[in-house]
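Chemist: Provided below: input.cif, containing mmCIF, C-alpha atoms.
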data_work
loop_
_atom_site.label_atom_id
_atom_site.label_comp_id
_atom_site.auth_asym_id
_atom_site.auth_seq_id
_atom_site.Cartn_x
_atom_site.Cartn_y
_atom_site.Cartn_z
CA MET R 300 -21.69 16.71 -6.30
CA ARG R 301 -18.56 18.20 -4.75
CA GLU R 302 -15.11 17.31 -6.05
CA ALA R 303 -12.49 15.76 -3.75
CA VAL R 304 -8.92 16.68 -4.65
CA ILE R 305 -5.45 15.64 -3.52
CA VAL R 306 -3.37 18.66 -2.54
CA ASP R 307 -0.25 16.74 -1.55
CA VAL R 308 0.97 13.21 -0.84
CA VAL R 309 4.12 12.10 0.97
CA ARG R 310 5.75 8.96 2.24
CA THR R 311 8.75 7.81 4.19
CA ALA R 312 11.41 5.72 2.51
CA SER R 313 10.99 2.05 3.34
CA GLY R 314 12.93 0.31 6.06
CA ARG R 315 13.47 -3.42 6.39
CA GLY R 316 10.79 -4.66 8.74
CA LYS R 317 13.00 -6.52 11.16
CA PRO R 318 15.40 -5.66 13.98
CA GLY R 319 18.29 -3.67 12.58
CA GLY R 320 16.22 -2.17 9.77
CA ALA R 321 16.71 1.54 9.17
CA LEU R 322 13.40 2.49 10.80
CA SER R 323 13.31 -0.20 13.48
CA GLY R 324 14.47 2.29 16.10
CA THR R 325 11.60 4.68 15.34
CA HIS R 326 8.30 4.37 17.18
CA PRO R 327 5.39 3.90 14.70
CA VAL R 328 3.60 6.94 16.18
CA ASP R 329 6.63 9.04 15.29
CA LEU R 330 6.75 7.53 11.80
CA LEU R 331 3.16 8.49 11.14
CA SER R 332 3.39 11.90 12.77
CA ALA R 333 6.35 12.74 10.54
CA THR R 334 4.12 12.46 7.47
CA LEU R 335 1.48 14.68 9.08
CA GLU R 336 4.10 17.29 9.92
CA ALA R 337 5.43 17.14 6.35
CA LEU R 338 2.00 17.81 4.86
CA VAL R 339 1.62 20.89 7.04
CA ALA R 340 5.12 22.14 6.22
CA ARG R 341 4.85 21.53 2.48
CA THR R 342 1.40 23.00 1.96
CA GLY R 343 1.22 25.64 4.68
CA ILE R 344 -2.16 24.31 5.77
CA ASP R 345 -3.27 25.38 9.22
CA PRO R 346 -3.78 22.04 11.04
CA ALA R 347 -6.61 23.65 13.00
CA LEU R 348 -8.68 23.50 9.79
CA ILE R 349 -8.43 19.72 9.44
CA ASP R 350 -11.76 18.01 10.05
CA ASP R 351 -10.42 14.51 10.57
CA VAL R 352 -7.39 12.24 10.22
CA ILE R 353 -8.04 8.66 9.07
CA ALA R 354 -5.16 6.21 9.34
CA GLY R 355 -4.79 2.66 8.10
CA CYS R 356 -2.95 0.18 10.29
CA VAL R 357 -3.24 -3.61 10.12
CA HIS R 358 -1.62 -4.87 13.31
CA GLN R 359 -3.26 -2.67 15.92
CA ALA R 360 -1.41 -4.10 18.89
CA ALA R 361 1.37 -3.04 21.23
CA GLU R 362 2.89 0.24 19.99
CA GLN R 363 0.27 0.45 17.21
CA SER R 364 -2.70 -0.06 19.51
CA THR R 365 -5.30 2.27 21.03
CA ASN R 366 -5.99 4.38 17.92
CA ILE R 367 -2.51 5.19 16.62
CA ALA R 368 -4.00 7.91 14.42
CA ARG R 369 -4.95 9.98 17.46
CA SER R 370 -1.52 9.47 19.01
CA ALA R 371 0.12 10.62 15.76
CA VAL R 372 -2.06 13.74 15.59
CA LEU R 373 -0.99 14.69 19.10
CA ALA R 374 2.66 13.83 18.37
CA ALA R 375 2.55 16.06 15.29
CA GLY R 376 1.48 19.00 17.45
CA PHE R 377 -1.95 19.40 15.86
CA PRO R 378 -4.57 21.20 17.95
CA GLU R 379 -6.33 18.91 20.37
CA HIS R 380 -9.69 19.49 18.68
CA VAL R 381 -8.51 17.63 15.53
CA PRO R 382 -9.97 14.10 15.76
CA ALA R 383 -8.52 10.91 14.31
CA THR R 384 -9.46 7.29 13.81
CA THR R 385 -7.66 4.11 12.79
CA ILE R 386 -9.14 1.56 10.38
CA ASP R 387 -8.28 -1.94 9.20
CA ARG R 388 -9.10 -3.23 5.76
CA GLN R 389 -5.98 -5.34 5.85
CA CYS R 390 -3.39 -4.37 3.21
CA GLY R 391 -5.76 -1.81 1.72
CA SER R 392 -6.30 0.05 4.98
CA SER R 393 -4.87 3.42 3.97
CA GLN R 394 -6.36 3.16 0.48
CA GLN R 395 -9.70 2.74 2.22
CA ALA R 396 -8.79 5.70 4.44
CA ALA R 397 -8.37 7.83 1.30
CA THR R 398 -11.71 6.58 0.00
CA TYR R 399 -13.46 7.44 3.26
CA ALA R 400 -11.82 10.88 3.27
CA ALA R 401 -12.89 11.61 -0.31
CA GLN R 402 -16.41 10.33 0.32
CA ALA R 403 -16.78 12.59 3.37
CA ILE R 404 -15.74 15.55 1.24
CA ILE R 405 -17.89 14.66 -1.77
CA SER R 406 -20.93 14.26 0.50
CA GLY R 407 -20.34 17.69 2.05
CA PHE R 408 -19.91 16.26 5.55
CA GLN R 409 -16.29 17.45 5.81
CA ASP R 410 -13.98 19.83 3.94
CA ILE R 411 -10.40 18.82 4.78
CA VAL R 412 -9.26 15.32 5.76
CA ILE R 413 -5.87 13.65 5.95
CA ALA R 414 -5.77 9.99 4.89
CA CYS R 415 -2.67 8.16 6.00
CA GLY R 416 -1.23 4.84 7.09
CA VAL R 417 1.59 3.25 9.03
CA GLU R 418 3.08 -0.14 9.78
CA SER R 419 6.20 -0.96 11.76
CA MET R 420 6.68 -4.62 11.05
CA SER R 421 10.00 -4.63 12.89
CA ARG R 422 8.42 -3.47 16.16
CA VAL R 423 4.94 -5.00 15.80
CA PRO R 424 5.48 -8.30 13.97
CA MET R 425 2.83 -10.07 11.91
CA GLY R 426 0.67 -12.30 14.09
CA LEU R 427 1.18 -10.30 17.26
CA SER R 428 -2.37 -8.94 17.14
CA THR R 429 -3.90 -12.44 17.12
CA LEU R 430 -1.59 -13.96 19.74
CA GLY R 431 -2.27 -17.42 18.34
CA GLU R 432 -6.01 -17.15 18.90
CA ASP R 433 -8.69 -18.40 16.52
CA PHE R 434 -9.88 -15.13 14.98
CA LEU R 435 -12.35 -16.74 12.55
CA GLY R 436 -14.87 -18.30 14.90
CA PRO R 437 -16.94 -21.49 14.56
CA LYS R 438 -19.37 -20.23 11.92
CA VAL R 439 -16.60 -19.33 9.46
CA HIS R 440 -15.00 -22.72 10.04
CA ALA R 441 -18.38 -24.33 9.39
CA ARG R 442 -18.77 -22.41 6.12
CA TYR R 443 -15.28 -23.43 4.96
CA PRO R 444 -14.86 -26.92 6.47
CA ASP R 445 -11.76 -27.66 4.40
CA GLY R 446 -10.10 -24.63 5.96
CA LEU R 447 -8.75 -21.35 4.65
CA VAL R 448 -5.03 -20.80 4.13
CA ASN R 449 -2.36 -18.18 4.59
CA GLN R 450 -1.58 -15.68 1.84
CA GLY R 451 1.51 -17.55 0.72
CA ILE R 452 -0.56 -20.64 -0.10
CA SER R 453 -3.10 -18.38 -1.84
CA ALA R 454 -0.25 -17.05 -3.99
CA GLU R 455 0.74 -20.64 -4.79
CA LEU R 456 -2.87 -21.44 -5.76
CA ILE R 457 -3.01 -18.40 -8.07
CA SER R 458 0.28 -19.39 -9.68
CA ALA R 459 -1.05 -22.87 -10.34
CA ARG R 460 -4.45 -21.72 -11.66
CA TRP R 461 -2.96 -19.11 -14.00
CA GLY R 462 -0.07 -21.37 -14.98
CA PHE R 463 2.78 -19.10 -13.90
CA SER R 464 6.17 -20.76 -13.76
CA ARG R 465 8.86 -20.02 -11.21
CA ALA R 466 10.88 -18.39 -14.00
CA GLN R 467 8.01 -16.02 -14.86
CA LEU R 468 7.58 -14.99 -11.24
CA ASP R 469 11.30 -14.41 -10.73
CA ASP R 470 11.57 -12.46 -13.98
CA TYR R 471 8.75 -10.17 -12.88
CA SER R 472 10.38 -9.73 -9.46
CA ALA R 473 13.74 -8.83 -10.98
CA ARG R 474 11.86 -6.29 -13.11
CA SER R 475 10.44 -4.67 -9.97
CA HIS R 476 13.92 -4.15 -8.52
CA ARG R 477 15.28 -2.94 -11.87
CA LEU R 478 12.53 -0.35 -12.31
CA ALA R 479 12.83 0.81 -8.70
CA THR R 480 16.59 1.12 -9.07
CA ASP R 481 16.15 3.17 -12.24
CA ALA R 482 13.66 5.41 -10.42
CA VAL R 483 16.07 5.92 -7.52
CA ASP R 484 18.98 6.68 -9.86
CA SER R 485 16.83 9.15 -11.81
CA GLY R 486 15.68 10.95 -8.67
CA LEU R 487 12.03 10.10 -9.33
CA PHE R 488 11.31 9.45 -5.64
CA THR R 489 12.92 12.65 -4.37
CA ASP R 490 9.73 14.72 -4.30
CA GLU R 491 7.61 12.07 -2.62
CA ILE R 492 9.94 10.88 0.15
CA ILE R 493 10.29 12.83 3.39
CA PRO R 494 13.58 12.22 5.25
CA ILE R 495 13.36 10.62 8.68
CA SER R 496 16.05 11.29 11.29
CA ILE R 497 17.47 8.00 12.60
CA SER R 498 20.52 7.02 14.60
CA ASP R 499 23.06 4.59 13.25
CA GLY R 500 24.87 1.91 15.21
CA ASP R 501 27.34 4.46 16.58
CA GLY R 502 24.59 6.78 17.78
CA ALA R 503 25.16 9.36 15.05
CA ILE R 504 22.02 10.96 13.59
CA ARG R 505 21.45 10.70 9.87
CA GLN R 506 18.59 11.17 7.43
CA HIS R 507 16.88 8.07 6.03
CA ALA R 508 15.59 9.02 2.56
CA HIS R 509 16.18 5.97 0.35
CA ASP R 510 14.13 2.79 0.18
CA GLU R 511 16.13 0.18 2.06
CA THR R 512 14.33 -2.75 0.44
CA VAL R 513 15.42 -2.02 -3.14
CA ARG R 514 18.17 -4.44 -4.20
CA SER R 515 19.87 -3.10 -7.32
CA ALA R 516 21.93 -6.27 -7.77
CA THR R 517 18.88 -8.54 -8.06
CA THR R 518 19.01 -10.97 -10.99
CA VAL R 519 16.76 -13.76 -12.18
CA GLU R 520 19.67 -16.16 -11.68
CA GLY R 521 20.05 -15.09 -8.07
CA LEU R 522 16.33 -15.35 -7.38
CA ALA R 523 16.26 -18.86 -8.85
CA LYS R 524 18.46 -20.10 -5.99
CA LEU R 525 15.98 -19.18 -3.25
CA PRO R 526 13.91 -21.95 -1.64
CA ALA R 527 10.12 -22.09 -1.53
CA SER R 528 8.70 -20.26 1.48
CA PHE R 529 5.42 -22.01 2.24
CA TYR R 530 5.86 -25.75 1.58
CA THR R 531 4.55 -28.11 4.24
CA ASP R 532 3.64 -31.78 3.96
CA GLU R 533 0.09 -30.94 5.01
CA TYR R 534 -0.43 -28.38 2.22
CA ALA R 535 1.36 -30.55 -0.32
CA GLY R 536 -1.09 -33.33 0.42
CA ARG R 537 -4.10 -31.04 0.29
CA PHE R 538 -3.06 -29.22 -2.88
CA PRO R 539 -1.13 -31.66 -5.09
CA GLN R 540 -1.36 -29.22 -8.02
CA LEU R 541 0.98 -26.72 -6.41
CA GLN R 542 4.50 -26.33 -7.80
CA TRP R 543 5.91 -24.43 -4.77
CA VAL R 544 7.13 -21.40 -6.67
CA ILE R 545 6.66 -18.65 -4.06
CA THR R 546 9.94 -17.57 -2.44
CA PRO R 547 11.25 -14.58 -0.46
CA GLY R 548 12.47 -13.17 -3.78
CA ASN R 549 9.08 -13.02 -5.50
CA SER R 550 7.20 -11.84 -2.39
CA SER R 551 7.04 -8.39 -0.84
CA PRO R 552 9.40 -8.01 2.14
CA PHE R 553 8.39 -7.13 5.68
CA THR R 554 8.67 -3.35 5.82
CA ASP R 555 8.42 -0.31 8.05
CA GLY R 556 6.94 2.92 6.67
CA ALA R 557 4.27 5.59 6.70
CA SER R 558 2.51 7.76 4.13
CA ALA R 559 -0.17 10.45 4.03
CA ALA R 560 -2.39 12.48 1.68
CA LEU R 561 -4.00 15.89 2.23
CA ILE R 562 -7.48 15.68 0.70
CA MET R 563 -10.05 18.46 0.52
CA SER R 564 -12.86 19.88 -1.56
CA ALA R 565 -11.86 21.76 -4.70
CA GLU R 566 -13.69 24.81 -3.37
CA ARG R 567 -11.78 24.77 -0.09
CA ALA R 568 -8.47 24.39 -1.89
CA LYS R 569 -9.29 27.45 -3.99
CA GLN R 570 -10.26 29.46 -0.90
CA LEU R 571 -6.94 28.57 0.74
CA GLY R 572 -4.88 29.31 -2.36
CA LEU R 573 -3.77 25.68 -2.68
CA THR R 574 -3.23 24.01 -6.05
CA PRO R 575 -4.58 20.43 -6.27
CA ARG R 576 -2.36 17.79 -7.81
CA ALA R 577 -5.13 15.31 -8.67
CA ARG R 578 -8.81 14.60 -8.15
CA PHE R 579 -10.67 11.43 -7.28
CA VAL R 580 -12.73 9.98 -10.12
CA SER R 581 -14.12 6.67 -8.87
CA PHE R 582 -13.84 4.03 -6.15
CA SER R 583 -14.70 0.39 -5.67
CA VAL R 584 -14.34 -2.22 -2.99
CA VAL R 585 -15.18 -5.89 -3.48
CA GLY R 586 -15.09 -9.23 -1.77
CA ASP R 587 -13.75 -12.30 -3.58
CA ASP R 588 -12.86 -15.94 -2.92
CA PRO R 589 -11.20 -16.03 0.54
CA LEU R 590 -9.25 -19.17 -0.38
CA LEU R 591 -7.57 -17.60 -3.41
CA MET R 592 -7.72 -14.40 -1.32
CA LEU R 593 -5.50 -12.23 -3.56
CA THR R 594 -7.59 -12.12 -6.77
CA GLY R 595 -9.89 -9.29 -5.65
CA PRO R 596 -8.06 -6.60 -7.69
CA ILE R 597 -9.44 -8.17 -10.88
CA PRO R 598 -13.17 -7.62 -10.15
CA ALA R 599 -12.37 -4.40 -8.25
CA THR R 600 -10.73 -3.00 -11.39
CA LYS R 601 -13.69 -3.91 -13.57
CA LYS R 602 -16.08 -2.32 -11.10
CA VAL R 603 -14.15 0.94 -10.73
CA LEU R 604 -13.73 1.31 -14.50
CA ASP R 605 -17.44 0.69 -15.05
CA ARG R 606 -18.32 3.29 -12.42
CA ALA R 607 -16.01 5.82 -14.07
CA GLY R 608 -17.17 5.05 -17.61
CA LEU R 609 -13.57 4.31 -18.60
CA GLY R 610 -11.70 1.39 -20.14
CA ILE R 611 -8.27 -0.09 -19.54
CA ALA R 612 -6.92 1.83 -22.54
CA ASP R 613 -7.91 5.14 -20.91
CA ILE R 614 -5.58 4.60 -17.94
CA ASP R 615 -2.04 5.97 -18.21
CA ALA R 616 -0.50 4.28 -15.16
CA PHE R 617 -1.45 1.39 -12.90
CA GLU R 618 -0.26 0.74 -9.36
CA VAL R 619 -1.13 -2.83 -8.41
CA ASN R 620 0.30 -3.89 -5.08
CA GLU R 621 2.93 -6.59 -5.47
CA ALA R 622 2.14 -8.64 -2.39
CA PHE R 623 3.40 -11.61 -4.40
CA ALA R 624 4.46 -11.70 -8.06
CA PRO R 625 1.44 -13.75 -9.27
CA VAL R 626 -0.97 -11.05 -8.05
CA PRO R 627 -0.10 -8.33 -10.62
CA LEU R 628 0.58 -10.96 -13.28
CA ALA R 629 -2.87 -12.55 -12.90
CA TRP R 630 -4.41 -9.07 -12.79
CA ALA R 631 -2.65 -8.01 -16.00
CA HIS R 632 -3.63 -11.27 -17.72
CA ASP R 633 -7.32 -10.91 -16.92
CA THR R 634 -7.66 -7.15 -17.42
CA GLY R 635 -5.51 -6.90 -20.55
CA ALA R 636 -3.49 -4.03 -19.07
CA PRO R 637 -0.11 -3.51 -20.78
CA LEU R 638 2.86 -4.37 -18.58
CA GLU R 639 4.71 -1.18 -19.54
CA LYS R 640 2.06 0.83 -17.65
CA LEU R 641 2.10 -1.48 -14.61
CA ASN R 642 4.11 -0.34 -11.58
CA PRO R 643 6.48 1.67 -13.80
CA ARG R 644 8.65 2.70 -10.82
CA GLY R 645 8.78 -0.79 -9.37
CA GLY R 646 6.36 -2.23 -6.86
CA ALA R 647 6.18 -3.67 -3.37
CA ILE R 648 8.55 -6.53 -4.18
CA ALA R 649 11.26 -3.87 -4.38
CA LEU R 650 9.83 -0.87 -2.54
CA GLY R 651 8.37 -2.85 0.34
CA HIS R 652 4.90 -3.43 1.74
CA ALA R 653 4.41 -1.65 5.05
CA LEU R 654 0.89 -3.04 5.30
CA GLY R 655 -1.17 -0.18 6.72
CA SER R 656 0.85 2.40 4.77
CA SER R 657 0.76 0.77 1.35
CA GLY R 658 -2.50 2.28 0.09
CA THR R 659 -1.41 5.89 0.44
CA ARG R 660 2.14 4.89 -0.58
CA LEU R 661 0.76 3.66 -3.92
CA LEU R 662 -1.28 6.85 -4.19
CA THR R 663 1.85 8.95 -3.60
CA THR R 664 3.80 7.16 -6.31
CA LEU R 665 0.86 7.23 -8.72
CA VAL R 666 0.35 11.00 -8.43
CA ASN R 667 4.05 11.62 -9.02
CA GLN R 668 4.15 9.23 -11.99
CA LEU R 669 1.22 10.98 -13.69
CA GLU R 670 2.86 14.37 -13.17
CA ALA R 671 6.24 13.20 -14.47
CA THR R 672 4.77 11.67 -17.63
CA GLY R 673 1.88 14.04 -18.30
CA GLY R 674 -0.60 11.18 -17.91
CA ARG R 675 -4.23 11.90 -17.20
CA TYR R 676 -5.75 8.91 -15.40
CA GLY R 677 -4.18 6.57 -12.87
CA LEU R 678 -5.63 3.44 -11.26
CA GLN R 679 -4.45 1.75 -8.09
CA THR R 680 -5.69 -1.50 -6.63
CA MET R 681 -4.75 -3.62 -3.66
CA CYS R 682 -5.39 -7.23 -2.69
CA GLU R 683 -6.43 -7.65 0.93
CA GLY R 684 -6.72 -10.36 3.52
CA ALA R 685 -9.75 -12.68 3.47
CA GLY R 686 -10.38 -12.01 -0.24
CA MET R 687 -11.10 -8.30 -0.56
CA ALA R 688 -9.75 -5.49 -2.75
CA ASN R 689 -9.99 -1.75 -3.21
CA ALA R 690 -9.58 0.12 -6.50
CA THR R 691 -9.33 3.86 -7.03
CA ILE R 692 -9.07 6.03 -10.14
CA ILE R 693 -7.57 9.50 -9.98
CA GLU R 694 -7.14 12.21 -12.60
CA ARG R 695 -4.14 14.52 -12.70
CA VAL R 696 -5.14 18.17 -12.39
#
Rewrite the structure from the file as structure tokens, please.
Modeler:
Amino acid sequence: MREAVIVDVVRTASGRGKPGGALSGTHPVDLLSATLEALVARTGIDPALIDDVIAGCVHQAAEQSTNIARSAVLAAGFPEHVPATTIDRQCGSSQQAATYAAQAIISGFQDIVIACGVESMSRVPMGLSTLGEDFLGPKVHARYPDGLVNQGISAELISARWGFSRAQLDDYSARSHRLATDAVDSGLFTDEIIPISISDGDGAIRQHAHDETVRSATTVEGLAKLPASFYTDEYAGRFPQLQWVITPGNSSPFTDGASAALIMSAERAKQLGLTPRARFVSFSVVGDDPLLMLTGPIPATKKVLDRAGLGIADIDAFEVNEAFAPVPLAWAHDTGAPLEKLNPRGGAIALGHALGSSGTRLLTTLVNQLEATGGRYGLQTMCEGAGMANATIIERV
């Protein structure tokens, strides 16, 4: 079986995903193409050799519609013969893109693939792709007659089932900002972030190279003052056990961003004189309860570890997407993973969650963390809409 390796991984710095955010003036095609251009510049790869480009994007509407991956390939100046496709596995879209890329290489079908992702939540807001339509259909409603819920209510249900208090969630969220701030101050993100040229309010051009969503002044006391985000009388009546502990402070913010990974066979990397940074060890993807929705990383982690023949103690760093604070906390509780290895550079609560980009963003941070610490194995996992999750294990080369 052939080995799939990661030659390089890059990401943009996050921008607040609303009008006025640092990246809100940048078209999402240009965001994504910037990461493709960076991979070519950093590695010296001839883009004519690339067999495919697979991009994750969740809201494939408006400026992100009509196969944004292909538009980004053309915008990046790649030869016209380089194909591209856009996929949606909700928040795990670009993690799934990396899995598909690696699987194509392992199978021998392709030799060089870029996996990437993008989301401009300022320009293509959540909900725009559904336009208020019923996207479930009558048979899903018949299967779940009590109705499914939005992710915020799922986060409330997880908090109630696992017994997390508001104080625990806010403490974890403050930790995310503290760790991200420490990483910024230590220059740990310098090698993974590619600067993006943006114009400020006066029309001057500057380079955006720092995560806009990190709030260094975040405190537990400040977070405690924020109101609950998802309370309604209807949900309160349906779920009397809920304590209404999910707030903007312990949730990931709307974010703009893009990220990308150059993946190829070990043999091809050697032929091209490229040094791999990591290799793929194992993958899993699972479905889970669509009402709780965000618990999939727990069984996905068990499955990927079993496939790899590894245990939690063998993993040196974990990247678990912080869609909401109870997600990584429930995951850590059930897997027994030590918190000191969990999102050691901060997570999405601080760094942002640009939906389609988050999978390869986590991969970027994970590769750099393993290199900085000399760790061997890293595991990333991502909760996804409708109760799914991906998990991936990599090994530093």
Chemist: Scan for residues within 12 Å of the point (15.5, 14.3, 5.7) in the coordinates of the file, using all atoms listed in the file, and reply as a list in words.
Modeler: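 Protein, DNA and RNA residues close to (15.5, 14.3, 5.7): Arg310, Thr311, Ala312, Ala333, Thr334, Ala337, Thr489, Asp490, Glu491, Ile492, Ile493, Pro494, Ile495, Ser496, Ile497, Ile504, Arg505, Gln506, His507, Ala508 and His509 of chain R.
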Chemist: Keeping C-alpha atoms for every residue in the selection just given, could you write it to a file as a PDB file, in the frame of the given file?
Modeler:
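Contents of result-v6.pdb, freshly written:
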ATOM      1  CA  ARG R 310       5.750   8.960   2.240  1.00  0.00           C
ATOM      2  CA  THR R 311       8.750   7.810   4.190  1.00  0.00           C
ATOM      3  CA  ALA R 312      11.410   5.720   2.510  1.00  0.00           C
ATOM      4  CA  ALA R 333       6.350  12.740  10.540  1.00  0.00           C
ATOM      5  CA  THR R 334       4.120  12.460   7.470  1.00  0.00           C
ATOM      6  CA  ALA R 337       5.430  17.140   6.350  1.00  0.00           C
ATOM      7  CA  THR R 489      12.920  12.650  -4.370  1.00  0.00           C
ATOM      8  CA  ASP R 490       9.730  14.720  -4.300  1.00  0.00           C
ATOM      9  CA  GLU R 491       7.610  12.070  -2.620  1.00  0.00           C
ATOM     10  CA  ILE R 492       9.940  10.880   0.150  1.00  0.00           C
ATOM     11  CA  ILE R 493      10.290  12.830   3.390  1.00  0.00           C
ATOM     12  CA  PRO R 494      13.580  12.220   5.250  1.00  0.00           C
ATOM     13  CA  ILE R 495      13.360  10.620   8.680  1.00  0.00           C
ATOM     14  CA  SER R 496      16.050  11.290  11.290  1.00  0.00           C
ATOM     15  CA  ILE R 497      17.470   8.000  12.600  1.00  0.00           C
ATOM     16  CA  ILE R 504      22.020  10.960  13.590  1.00  0.00           C
ATOM     17  CA  ARG R 505      21.450  10.700   9.870  1.00  0.00           C
ATOM     18  CA  GLN R 506      18.590  11.170   7.430  1.00  0.00           C
ATOM     19  CA  HIS R 507      16.880   8.070   6.030  1.00  0.00           C
ATOM     20  CA  ALA R 508      15.590   9.020   2.560  1.00  0.00           C
ATOM     21  CA  HIS R 509      16.180   5.970   0.350  1.00  0.00           C
TER      22      HIS R 509
END
Chemist: Near Gly462 of chain R, within 12 Å and counting all atoms listed in the file, which residues show up once chain neighbours fewer than 3 positions away are dropped, as a list in words?
Modeler: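 These residues fall inside the cut-off: Ala454, Glu455, Leu456, Ile457, Ser458, Ala459, Arg465, Ala466, Gln467, Leu468, Gln540, Leu541, Gln542, Val544, Pro625, Leu628, Ala629 and His632 of chain R.
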Chemist: Please evaluate the PyMOL selection byres ((chain R and resi 576-582) around 8) against the displayed coordinates and give the resulting residues as a list in words.
Modeler: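 This file, filtered by the PyMOL selection byres ((chain R and resi 576-582) around 8), leaves Glu302, Ala303, Val304, Ile305, Val306, Asp307, Thr398, Ala401, Thr574, Pro575, Ser583, Val584, Val603, Leu604, Arg606, Ala607, Val666, Asn689, Ala690, Thr691, Ile692, Ile693, Glu694, Arg695 and Val696 of chain R.
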Chemist: Take the selection from the previous step and output its residues with C-alpha atoms, as a CSV table (one decimal), in the coordinates of the input.
Modeler:
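Final output, again.csv:
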chain,number,residue,atom,x,y,z
R,302,GLU,CA,-15.1,17.3,-6.0
R,303,ALA,CA,-12.5,15.8,-3.8
R,304,VAL,CA,-8.9,16.7,-4.6
R,305,ILE,CA,-5.4,15.6,-3.5
R,306,VAL,CA,-3.4,18.7,-2.5
R,307,ASP,CA,-0.2,16.7,-1.6
R,398,THR,CA,-11.7,6.6,0.0
R,401,ALA,CA,-12.9,11.6,-0.3
R,574,THR,CA,-3.2,24.0,-6.0
R,575,PRO,CA,-4.6,20.4,-6.3
R,583,SER,CA,-14.7,0.4,-5.7
R,584,VAL,CA,-14.3,-2.2,-3.0
R,603,VAL,CA,-14.2,0.9,-10.7
R,604,LEU,CA,-13.7,1.3,-14.5
R,606,ARG,CA,-18.3,3.3,-12.4
R,607,ALA,CA,-16.0,5.8,-14.1
R,666,VAL,CA,0.4,11.0,-8.4
R,689,ASN,CA,-10.0,-1.8,-3.2
R,690,ALA,CA,-9.6,0.1,-6.5
R,691,THR,CA,-9.3,3.9,-7.0
R,692,ILE,CA,-9.1,6.0,-10.1
R,693,ILE,CA,-7.6,9.5,-10.0
R,694,GLU,CA,-7.1,12.2,-12.6
R,695,ARG,CA,-4.1,14.5,-12.7
R,696,VAL,CA,-5.1,18.2,-12.4
Chemist: Evaluate the PyMOL selection byres ((chain R and resi 316-324) around 10) on the structure here and hand back the selected residues as a PyMOL selection string.
Modeler: chain R and resi 311-315+325-327+330+418-424+495-500+506-507+509-512+552-556+651-653
Chemist: Translate the PyMOL selection byres ((chain R and resi 344) around 10) into a concrete residue list for this structure, as a list in words.
Modeler: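 Evaluating the PyMOL selection byres ((chain R and resi 344) around 10) on this file yields Leu338, Val339, Ala340, Arg341, Thr342, Gly343, Asp345, Pro346, Ala347, Leu348, Ile349, Ile411, Leu561, Ala568, Leu571, Gly572 and Leu573 of chain R.
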Chemist: Would you please work out which residue, of R:Met687, R:Ala649, R:Ala482, R:Ala527, is nearest to Asp387 of chain R when using all atoms listed in the file?
Modeler: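 For Asp387 of chain R, the nearest of the given residues is R:Met687.
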Chemist: Scan for residues within 12 Å of the point (-2.3, -5.1, 2.7) in the coordinates of the file, using only C-alpha atoms, and reply as JSON, numbers by chain.
Modeler: {"R": [355, 356, 357, 358, 387, 388, 389, 390, 391, 392, 393, 394, 395, 416, 417, 418, 425, 450, 551, 553, 554, 592, 593, 596, 619, 620, 621, 622, 623, 647, 651, 652, 653, 654, 655, 656, 657, 658, 659, 660, 661, 680, 681, 682, 683, 684, 685, 686, 687, 688, 689]}
Chemist: When you draw a straight line from atom CA of Trp461 of chain R to atom CA of Asp588 of chain R, how long is it in Å?
Modeler: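 Value for the atom CA of Trp461 of chain R-atom CA of Asp588 of chain R distance: 15.2 Å.
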Chemist: In Å, with one decimal, what is the gap from atom CA of Ile648 of chain R to atom CA of Asp613 of chain R?
Modeler: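 Atom-to-atom, atom CA of Ile648 of chain R and atom CA of Asp613 of chain R are spaced 26.2 Å apart.
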Chemist: Rank R:Ile405, R:Leu331, R:Ala441, R:Val519 by their smallest atom-to-atom distance to Tyr471 of chain R, using only C-alpha atoms, and report the top residue only.
Modeler: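 Using only C-alpha atoms, Tyr471 of chain R sits closest to R:Val519.
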Chemist: Expressed in Å to a single decimal, how great is the separation between atom CA of Ala414 of chain R and atom CA of Ala400 of chain R?
Modeler: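 Atom CA of Ala414 of chain R sits 6.3 Å away from atom CA of Ala400 of chain R.
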